[in-house]
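What follows is the content of input_4.txt, which has compact mmCIF, C-alpha atoms and all ligand atoms:
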# COMPACT_ATOMS: atom_id res chain seq x y z
CA MET A 1 29.72 65.49 53.13
CA GLY A 2 28.15 68.69 54.37
CA LEU A 3 27.18 69.42 50.78
CA TYR A 4 24.39 66.92 51.02
CA LYS A 5 22.80 67.99 54.26
CA LYS A 6 19.01 68.00 54.23
CA LYS A 7 17.41 71.41 53.93
CA LYS A 8 13.71 71.24 54.55
CA ARG A 9 12.74 74.84 53.99
CA HIS A 10 13.24 75.08 50.27
CA LYS A 11 11.27 72.75 48.02
CA ASN A 12 13.85 72.64 45.21
CA PHE A 13 16.62 71.92 47.63
CA MET A 14 14.65 68.97 48.89
CA SER A 15 14.13 67.50 45.46
CA SER A 16 17.76 67.90 44.47
CA ASN A 17 18.77 66.33 47.77
CA VAL A 18 16.47 63.41 47.14
CA GLU A 19 18.15 62.95 43.75
CA LYS A 20 21.57 62.88 45.36
CA MET A 21 20.46 60.45 48.05
CA LYS A 22 20.18 57.79 45.36
CA THR A 23 23.81 58.24 44.53
CA LEU A 24 26.86 58.54 46.72
CA HIS A 25 27.56 55.89 49.12
CA LYS A 26 27.42 57.74 52.41
CA ASN A 27 23.94 59.08 51.79
CA LEU A 28 22.49 55.72 50.91
CA GLU A 29 20.54 53.52 53.27
CA PHE A 30 22.70 50.90 54.95
CA THR A 31 21.08 48.05 53.00
CA ALA A 32 21.69 49.77 49.64
CA THR A 33 25.30 50.44 50.58
CA GLU A 34 25.79 46.80 51.50
CA GLN A 35 24.27 45.70 48.20
CA TYR A 36 26.73 47.83 46.21
CA LYS A 37 29.59 46.34 48.21
CA LEU A 38 28.25 42.87 47.44
CA ILE A 39 28.18 43.69 43.73
CA ARG A 40 31.78 44.89 44.04
CA THR A 41 32.82 41.60 45.65
CA ASN A 42 30.95 39.53 43.08
CA LEU A 43 32.51 41.49 40.24
CA ASP A 44 35.96 40.86 41.65
CA PHE A 45 35.23 37.13 41.45
CA THR A 46 33.80 37.40 37.95
CA LEU A 47 36.49 39.56 36.36
CA PRO A 48 39.61 37.85 34.99
CA GLU A 49 42.15 37.68 37.81
CA ASN A 50 45.18 38.88 35.88
CA GLU A 51 43.60 41.81 34.07
CA LYS A 52 45.50 45.00 34.95
CA CYS A 53 42.58 47.41 34.88
CA PRO A 54 39.17 45.99 34.04
CA VAL A 55 36.93 48.31 32.04
CA ILE A 56 33.33 47.70 33.04
CA GLY A 57 30.46 49.06 30.93
CA VAL A 58 27.08 49.66 32.55
CA THR A 59 24.03 49.50 30.33
CA SER A 60 20.38 48.41 30.28
CA SER A 61 17.58 47.91 27.81
CA MET A 62 15.87 51.31 28.11
CA ARG A 63 16.31 54.71 29.70
CA GLY A 64 15.56 55.32 33.37
CA GLU A 65 16.52 51.90 34.69
CA GLY A 66 19.34 53.19 36.88
CA LYS A 67 22.52 52.89 34.78
CA SER A 68 23.96 56.21 35.89
CA THR A 69 22.95 55.69 39.53
CA THR A 70 24.56 52.24 39.50
CA SER A 71 27.72 53.48 37.74
CA ILE A 72 28.24 56.27 40.25
CA ASN A 73 27.60 54.16 43.33
CA LEU A 74 29.58 51.18 42.11
CA SER A 75 32.61 53.22 41.13
CA TYR A 76 32.42 54.93 44.51
CA VAL A 77 32.45 51.66 46.49
CA PHE A 78 35.39 50.41 44.43
CA ALA A 79 37.28 53.62 45.25
CA GLU A 80 36.27 53.45 48.87
CA LYS A 81 38.03 50.13 49.17
CA GLY A 82 41.26 51.86 48.13
CA SER A 83 41.42 51.21 44.39
CA LYS A 84 42.13 54.02 41.99
CA VAL A 85 38.92 54.30 40.02
CA LEU A 86 37.76 56.28 37.01
CA LEU A 87 34.07 56.74 36.27
CA ILE A 88 33.44 57.81 32.67
CA ASP A 89 30.16 59.27 31.48
CA GLY A 90 29.91 57.45 28.16
CA ASP A 91 26.28 58.40 27.63
CA LEU A 92 27.16 61.10 25.15
CA ARG A 93 23.54 61.53 24.12
CA LEU A 94 21.93 62.12 27.50
CA PRO A 95 24.78 62.56 29.98
CA SER A 96 23.79 62.79 33.63
CA VAL A 97 26.84 61.99 35.77
CA ALA A 98 28.03 65.62 36.00
CA LYS A 99 24.53 66.79 36.87
CA LYS A 100 24.05 64.12 39.52
CA LEU A 101 27.42 64.92 41.09
CA GLU A 102 27.10 68.68 40.59
CA ILE A 103 30.38 69.03 38.72
CA PRO A 104 31.04 70.81 35.39
CA SER A 105 30.19 68.61 32.40
CA SER A 106 33.14 69.92 30.38
CA PRO A 107 35.96 69.20 29.70
CA GLY A 108 35.17 65.54 29.39
CA LEU A 109 35.26 62.42 27.26
CA ALA A 110 34.03 64.09 24.07
CA ASP A 111 36.87 66.61 24.31
CA LEU A 112 39.46 63.85 24.70
CA LEU A 113 37.89 62.10 21.72
CA ARG A 114 38.24 65.29 19.70
CA GLY A 115 41.96 65.21 20.45
CA LYS A 116 42.05 67.79 23.23
CA GLY A 117 44.60 66.95 25.87
CA ALA A 118 43.78 67.05 29.59
CA GLN A 119 45.55 66.28 32.82
CA ILE A 120 43.93 63.40 34.62
CA SER A 121 44.30 65.30 37.89
CA GLU A 122 41.61 67.69 36.58
CA PHE A 123 39.10 64.90 37.03
CA LYS A 124 39.86 64.01 40.62
CA SER A 125 36.70 64.18 42.70
CA HIS A 126 36.66 66.25 45.85
CA LEU A 127 34.98 63.42 47.76
CA LEU A 128 37.67 60.73 47.64
CA GLU A 129 41.39 60.97 46.82
CA ASN A 130 41.32 57.99 44.48
CA TRP A 131 37.94 58.52 42.78
CA PHE A 132 38.11 60.28 39.42
CA VAL A 133 35.13 61.30 37.30
CA LEU A 134 35.41 62.03 33.59
CA PRO A 135 32.17 63.73 32.52
CA SER A 136 30.77 63.64 28.99
CA GLY A 137 32.13 66.94 27.70
CA ASP A 138 30.14 68.78 25.04
CA ILE A 139 27.73 66.46 23.27
CA PRO A 140 29.17 65.39 19.89
CA PRO A 141 27.07 64.70 16.75
CA ASN A 142 28.33 61.09 16.30
CA PRO A 143 28.61 59.35 19.70
CA SER A 144 28.38 55.83 18.36
CA GLU A 145 31.36 56.15 15.99
CA LEU A 146 33.37 57.99 18.64
CA LEU A 147 32.84 55.37 21.33
CA GLY A 148 33.96 52.53 19.07
CA SER A 149 36.85 54.48 17.50
CA SER A 150 40.56 53.75 17.61
CA ARG A 151 40.95 57.05 19.44
CA MET A 152 38.70 55.69 22.21
CA GLU A 153 40.82 52.56 22.27
CA ASN A 154 43.99 54.64 22.65
CA ILE A 155 42.45 56.72 25.42
CA LEU A 156 41.34 53.61 27.30
CA ASN A 157 44.77 52.02 26.89
CA LYS A 158 46.42 55.08 28.42
CA LEU A 159 43.88 55.23 31.24
CA ARG A 160 44.38 51.53 31.96
CA GLU A 161 47.98 52.33 32.87
CA ILE A 162 46.83 54.80 35.51
CA PHE A 163 43.76 53.22 37.11
CA ASP A 164 42.77 49.98 38.83
CA TYR A 165 39.18 50.03 37.56
CA ILE A 166 37.33 51.99 34.90
CA ILE A 167 33.54 52.07 34.92
CA ILE A 168 31.69 53.50 31.91
CA ASP A 169 28.09 54.67 32.13
CA LEU A 170 26.59 53.86 28.71
CA PRO A 171 23.31 54.54 26.89
CA PRO A 172 20.64 51.81 26.68
CA VAL A 173 21.20 48.99 24.20
CA ASN A 174 17.69 48.97 22.71
CA ILE A 175 17.67 52.67 21.88
CA VAL A 176 21.07 53.33 20.31
CA SER A 177 24.06 51.28 19.18
CA ASP A 178 26.67 53.09 21.32
CA ALA A 179 26.93 50.44 24.06
CA VAL A 180 27.41 47.74 21.46
CA SER A 181 29.93 49.75 19.47
CA ILE A 182 32.27 50.05 22.47
CA SER A 183 31.92 46.36 23.35
CA SER A 184 35.23 45.16 21.90
CA LEU A 185 37.12 47.75 23.97
CA ILE A 186 35.77 46.77 27.39
CA SER A 187 36.25 43.79 29.70
CA GLY A 188 32.55 43.20 30.17
CA MET A 189 29.14 44.69 30.70
CA ILE A 190 26.79 44.99 33.64
CA VAL A 191 23.11 45.06 32.71
CA VAL A 192 20.83 47.06 35.00
CA ILE A 193 17.26 45.85 35.44
CA ARG A 194 14.79 48.03 37.29
CA GLU A 195 12.20 46.19 39.25
CA GLU A 196 8.61 46.80 38.15
CA TYR A 197 9.88 48.97 35.29
CA THR A 198 12.01 46.86 32.97
CA GLU A 199 9.91 45.02 30.39
CA LYS A 200 10.95 41.41 30.06
CA LYS A 201 10.74 41.51 26.28
CA GLU A 202 13.00 44.56 26.19
CA LEU A 203 15.45 42.83 28.50
CA ASP A 204 15.42 39.74 26.27
CA ARG A 205 16.17 41.96 23.29
CA CYS A 206 18.99 43.70 25.12
CA ILE A 207 20.68 40.46 26.23
CA ARG A 208 20.26 38.97 22.75
CA GLN A 209 21.87 42.03 21.22
CA LEU A 210 24.79 41.92 23.65
CA LYS A 211 25.35 38.22 22.99
CA LEU A 212 25.27 38.80 19.24
CA SER A 213 27.94 41.42 19.71
CA ASN A 214 30.07 39.02 21.77
CA VAL A 215 29.94 41.23 24.84
CA LYS A 216 30.86 39.46 28.03
CA VAL A 217 27.89 40.06 30.31
CA LEU A 218 29.39 40.14 33.79
CA GLY A 219 26.05 40.15 35.54
CA CYS A 220 22.77 41.90 36.14
CA VAL A 221 22.02 44.45 38.83
CA ILE A 222 18.40 44.49 39.96
CA ASN A 223 17.85 48.11 40.84
CA GLY A 224 15.08 49.03 43.25
CA ALA A 225 14.50 45.42 44.31
CA LYS A 226 12.26 45.17 47.35
CA SER A 227 13.62 42.32 49.40
CA GLY A 228 11.08 39.69 50.27
CA THR A 229 8.11 41.31 48.57
CA GLY A 230 9.69 41.95 45.21
CA THR A 231 8.45 40.71 41.86
CA TYR A 232 11.88 40.28 40.36
CA SER A 233 11.31 36.56 39.98
CA LYS A 234 10.09 37.42 36.48
CA TYR A 235 13.71 38.24 35.66
CA LYS A 236 14.96 35.05 37.34
CA ASN A 237 16.25 33.46 34.16
CA TYR A 238 18.84 36.18 34.03
CA TYR A 239 20.45 35.45 37.33
CA GLN A 240 19.22 32.13 38.63
CA THR A 241 21.96 29.89 37.29
CA ASP A 242 24.69 32.07 38.70
CA PRO A 243 24.02 34.46 41.56
CA ARG A 244 26.75 36.69 40.22
CA GLY A 245 25.51 36.95 36.73
CA VAL A 246 23.14 36.28 33.93
CA ARG A 247 22.47 32.93 32.39
CA LYS A 248 25.29 32.20 29.97
N1 LIG B 301 16.71 52.42 43.29
C1 LIG B 301 16.18 53.59 43.01
N2 LIG B 301 15.19 54.09 43.79
C2 LIG B 301 14.62 55.28 43.51
N3 LIG B 301 14.96 56.05 42.45
C3 LIG B 301 15.94 55.62 41.64
C4 LIG B 301 16.60 54.37 41.87
N4 LIG B 301 17.51 54.19 40.88
C5 LIG B 301 17.43 55.28 40.08
N5 LIG B 301 16.50 56.14 40.53
C6 LIG B 301 16.10 57.42 39.91
O1 LIG B 301 15.53 57.12 38.63
C7 LIG B 301 15.95 58.07 37.67
C8 LIG B 301 16.68 57.35 36.54
O2 LIG B 301 17.89 56.83 37.06
P1 LIG B 301 19.24 56.91 36.21
O3 LIG B 301 20.30 56.27 37.03
O4 LIG B 301 19.48 58.31 35.75
O5 LIG B 301 18.81 55.97 34.98
P2 LIG B 301 19.48 55.72 33.56
O6 LIG B 301 20.90 56.19 33.63
O7 LIG B 301 19.37 54.24 33.36
O8 LIG B 301 18.65 56.46 32.55
C9 LIG B 301 16.82 59.09 38.41
O9 LIG B 301 16.00 60.17 38.79
C10 LIG B 301 17.31 58.32 39.62
O10 LIG B 301 17.61 59.14 40.71
MG MG B 302 21.96 57.61 32.52
How does the structure come out when it is put into structure tokens?
Amino acid sequence: MGLYKKKKRHKNFMSSNVEKMKTLHKNLEFTATEQYKLIRTNLDFTLPENEKCPVIGVTSSMRGEGKSTTSINLSYVFAEKGSKVLLIDGDLRLPSVAKKLEIPSSPGLADLLRGKGAQISEFKSHLLENWFVLPSGDIPPNPSELLGSSRMENILNKLREIFDYIIIDLPPVNIVSDAVSISSLISGMIVVIREEYTEKKELDRCIRQLKLSNVKVLGCVINGAKSGTGTYSKYKNYYQTDPRGVRK
């Protein structure tokens, strides 16, 4: 992990390091790491036991709540446990996975959706043997139709044969319809809430929208929660009845 060593002399280096510290397991604080592992365990209890390769979407109500950060870290902890994991950047409007991980953004999902073939080995990360990252590819003009298309379904079906878990970083529900359009193709959705940032009315709208679309909400992740002093009790209705998930 020498790539992520702190370099104090150069200001830009520092800021890009700080960005990376919020992703990638080994650079996270111990408590954050443990929380991602806890989410992994809880998801394993929540997901149907006999499903060959669960496909987990990660969304939220608005931008900036931590969907991409959560997707990266969660997929990493799943891989770290030994599972073969694919992280897909499904935010074809504002992709950020490739940037956060400093990998090329193309070829990627959009290229597969356009019918271009690719070897899955191309997407193997250099950090872990069994962690694969499919970036967005070149941004297409019609992400919503593409994500819900039969081509996407075929791609996911093929990938399900290869992987143990697939995690898809998606755009926010209240801004565009992409996350909802893919809903019938995935096993369930994680909703990211950012403490002191997510507006309760936006969260209500997001959950309502997901329920209307029959998406199985697997649970909420409270990102940036300050243990003990936090104000996340205002979101309590979304997790109180089941520590693993939102109110059904
Ligand atoms: N828990 C956190 N603490 C501090 N900064 C965070 C945290 N989670 C995310 N960020 C930062 O907030 C910004 C938005 O996060 P990101 O995961 O890209 O959100 P989204 O994908 O929901 O738009 C990024 O700069 C990210 O590094
Ligand atoms: Mg994002």
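Candidate residues A:Ile182, A:Val221, A:Ile162, A:Leu146 were compared for distance to Ser71 of chain A, and the nearest is A:Val221, using all atoms listed in the file.
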(message) Here is a test: counting all atoms listed in the file, which residue of A:Ile103, A:Leu92, A:Leu156, A:Ile72 is nearest to His126 of chain A?
(response)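 With all atoms listed in the file as the atom set, the closest residue is A:Ile103.
Taking atom CA of Leu24 of chain A and atom CA of Asn223 of chain A as endpoints, the distance between them is 15.0 Å.
If all atoms listed in the file are the atoms counted, then among A:Leu128, A:Leu109, A:Val133, A:Ile168 the closest residue to ligand MG 302 (chain B) is A:Ile168.
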(request) For each of A:Thr23, A:Ser96, A:Thr46, A:Thr31, take the minimum atom-to-atom distance to ligand MG 302 (chain B), counting only C-alpha atoms and all ligand atoms, then give the residue where this is smallest. (result)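 Answer, going by the shortest atom-to-atom distance: A:Ser96.
For the residues A:Thr41, A:Ser183, A:Ser136, A:Asn130, ranking by smallest atom-to-atom distance to Val58 of chain A using only C-alpha atoms places A:Ser183 first.
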(message) When you look at Glu153 of chain A with a cut-off of 12 Å (counting all atoms listed in the file), what residues show up, excluding the ones that are within fewer than 3 positions of it in the same chain? I need them as a PyMOL selection string.
(response) chain A and resi 55+112-113+145-150+156-160+181-186
Please produce a file of the residues just selected, as a PDB file, in the frame of the given file, where the atoms kept are C-alpha atoms.
ATOM      1  CA  VAL A  55      36.930  48.310  32.040  1.00  0.00           C
ATOM      2  CA  LEU A 112      39.460  63.850  24.700  1.00  0.00           C
ATOM      3  CA  LEU A 113      37.890  62.100  21.720  1.00  0.00           C
ATOM      4  CA  GLU A 145      31.360  56.150  15.990  1.00  0.00           C
ATOM      5  CA  LEU A 146      33.370  57.990  18.640  1.00  0.00           C
ATOM      6  CA  LEU A 147      32.840  55.370  21.330  1.00  0.00           C
ATOM      7  CA  GLY A 148      33.960  52.530  19.070  1.00  0.00           C
ATOM      8  CA  SER A 149      36.850  54.480  17.500  1.00  0.00           C
ATOM      9  CA  SER A 150      40.560  53.750  17.610  1.00  0.00           C
ATOM     10  CA  LEU A 156      41.340  53.610  27.300  1.00  0.00           C
ATOM     11  CA  ASN A 157      44.770  52.020  26.890  1.00  0.00           C
ATOM     12  CA  LYS A 158      46.420  55.080  28.420  1.00  0.00           C
ATOM     13  CA  LEU A 159      43.880  55.230  31.240  1.00  0.00           C
ATOM     14  CA  ARG A 160      44.380  51.530  31.960  1.00  0.00           C
ATOM     15  CA  SER A 181      29.930  49.750  19.470  1.00  0.00           C
ATOM     16  CA  ILE A 182      32.270  50.050  22.470  1.00  0.00           C
ATOM     17  CA  SER A 183      31.920  46.360  23.350  1.00  0.00           C
ATOM     18  CA  SER A 184      35.230  45.160  21.900  1.00  0.00           C
ATOM     19  CA  LEU A 185      37.120  47.750  23.970  1.00  0.00           C
ATOM     20  CA  ILE A 186      35.770  46.770  27.390  1.00  0.00           C
TER      21      ILE A 186
END
As a quick test: using all atoms listed in the file, which residues lie no more than 6 Å away from ligand LIG 301 (chain B)? Give them as a PDB file with C-alpha atoms, in the coordinates of the input.
ATOM      1  CA  GLU A  19      18.150  62.950  43.750  1.00  0.00           C
ATOM      2  CA  LYS A  22      20.180  57.790  45.360  1.00  0.00           C
ATOM      3  CA  ARG A  63      16.310  54.710  29.700  1.00  0.00           C
ATOM      4  CA  GLY A  64      15.560  55.320  33.370  1.00  0.00           C
ATOM      5  CA  GLU A  65      16.520  51.900  34.690  1.00  0.00           C
ATOM      6  CA  GLY A  66      19.340  53.190  36.880  1.00  0.00           C
ATOM      7  CA  LYS A  67      22.520  52.890  34.780  1.00  0.00           C
ATOM      8  CA  SER A  68      23.960  56.210  35.890  1.00  0.00           C
ATOM      9  CA  THR A  69      22.950  55.690  39.530  1.00  0.00           C
ATOM     10  CA  ASN A 223      17.850  48.110  40.840  1.00  0.00           C
ATOM     11  CA  GLY A 224      15.080  49.030  43.250  1.00  0.00           C
TER      12      GLY A 224
END
(request) Find, counting only C-alpha atoms, the residue in A:Ile88, A:Ile167, A:Ala98, A:Ile39 that gets nearest to Ser75 of chain A. (result) A:Ile167
(message) Please list as JSON, numbers by chain every residue within 10 Å of Lys81 of chain A, counting all atoms listed in the file and excluding residues in the same chain fewer than 5 positions away.
(response) {"A": [37, 40, 76, 130]}
(request) Rounded to one decimal place, report the atom CA of Glu199 of chain A-atom CA of Phe30 of chain A distance in Å. (result)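 Atom CA of Phe30 of chain A lies 28.3 Å from atom CA of Glu199 of chain A.
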(request) Could you jot down the atom CA of Asn27 of chain A to atom CA of Leu170 of chain A separation for me, Å, one decimal place? (result)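 Computing it gives 23.8 Å between the two atoms.
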(request) Identify, on the basis of all atoms listed in the file, every residue whose closest approach to Val191 of chain A does not exceed 6 Å; exclude the query and any residue fewer than 5 positions from it along the same chain; express the result as a VMD selection string. (result) chain A and resid 59 to 60 220
(request) Using all atoms listed in the file, collect all residues at a distance of at most 12 Å from (23.0, 67.3, 35.2) as written in the file, then present them as a ChimeraX atom specification. (result) /A:16,19-20,68,89,94-106,135-137
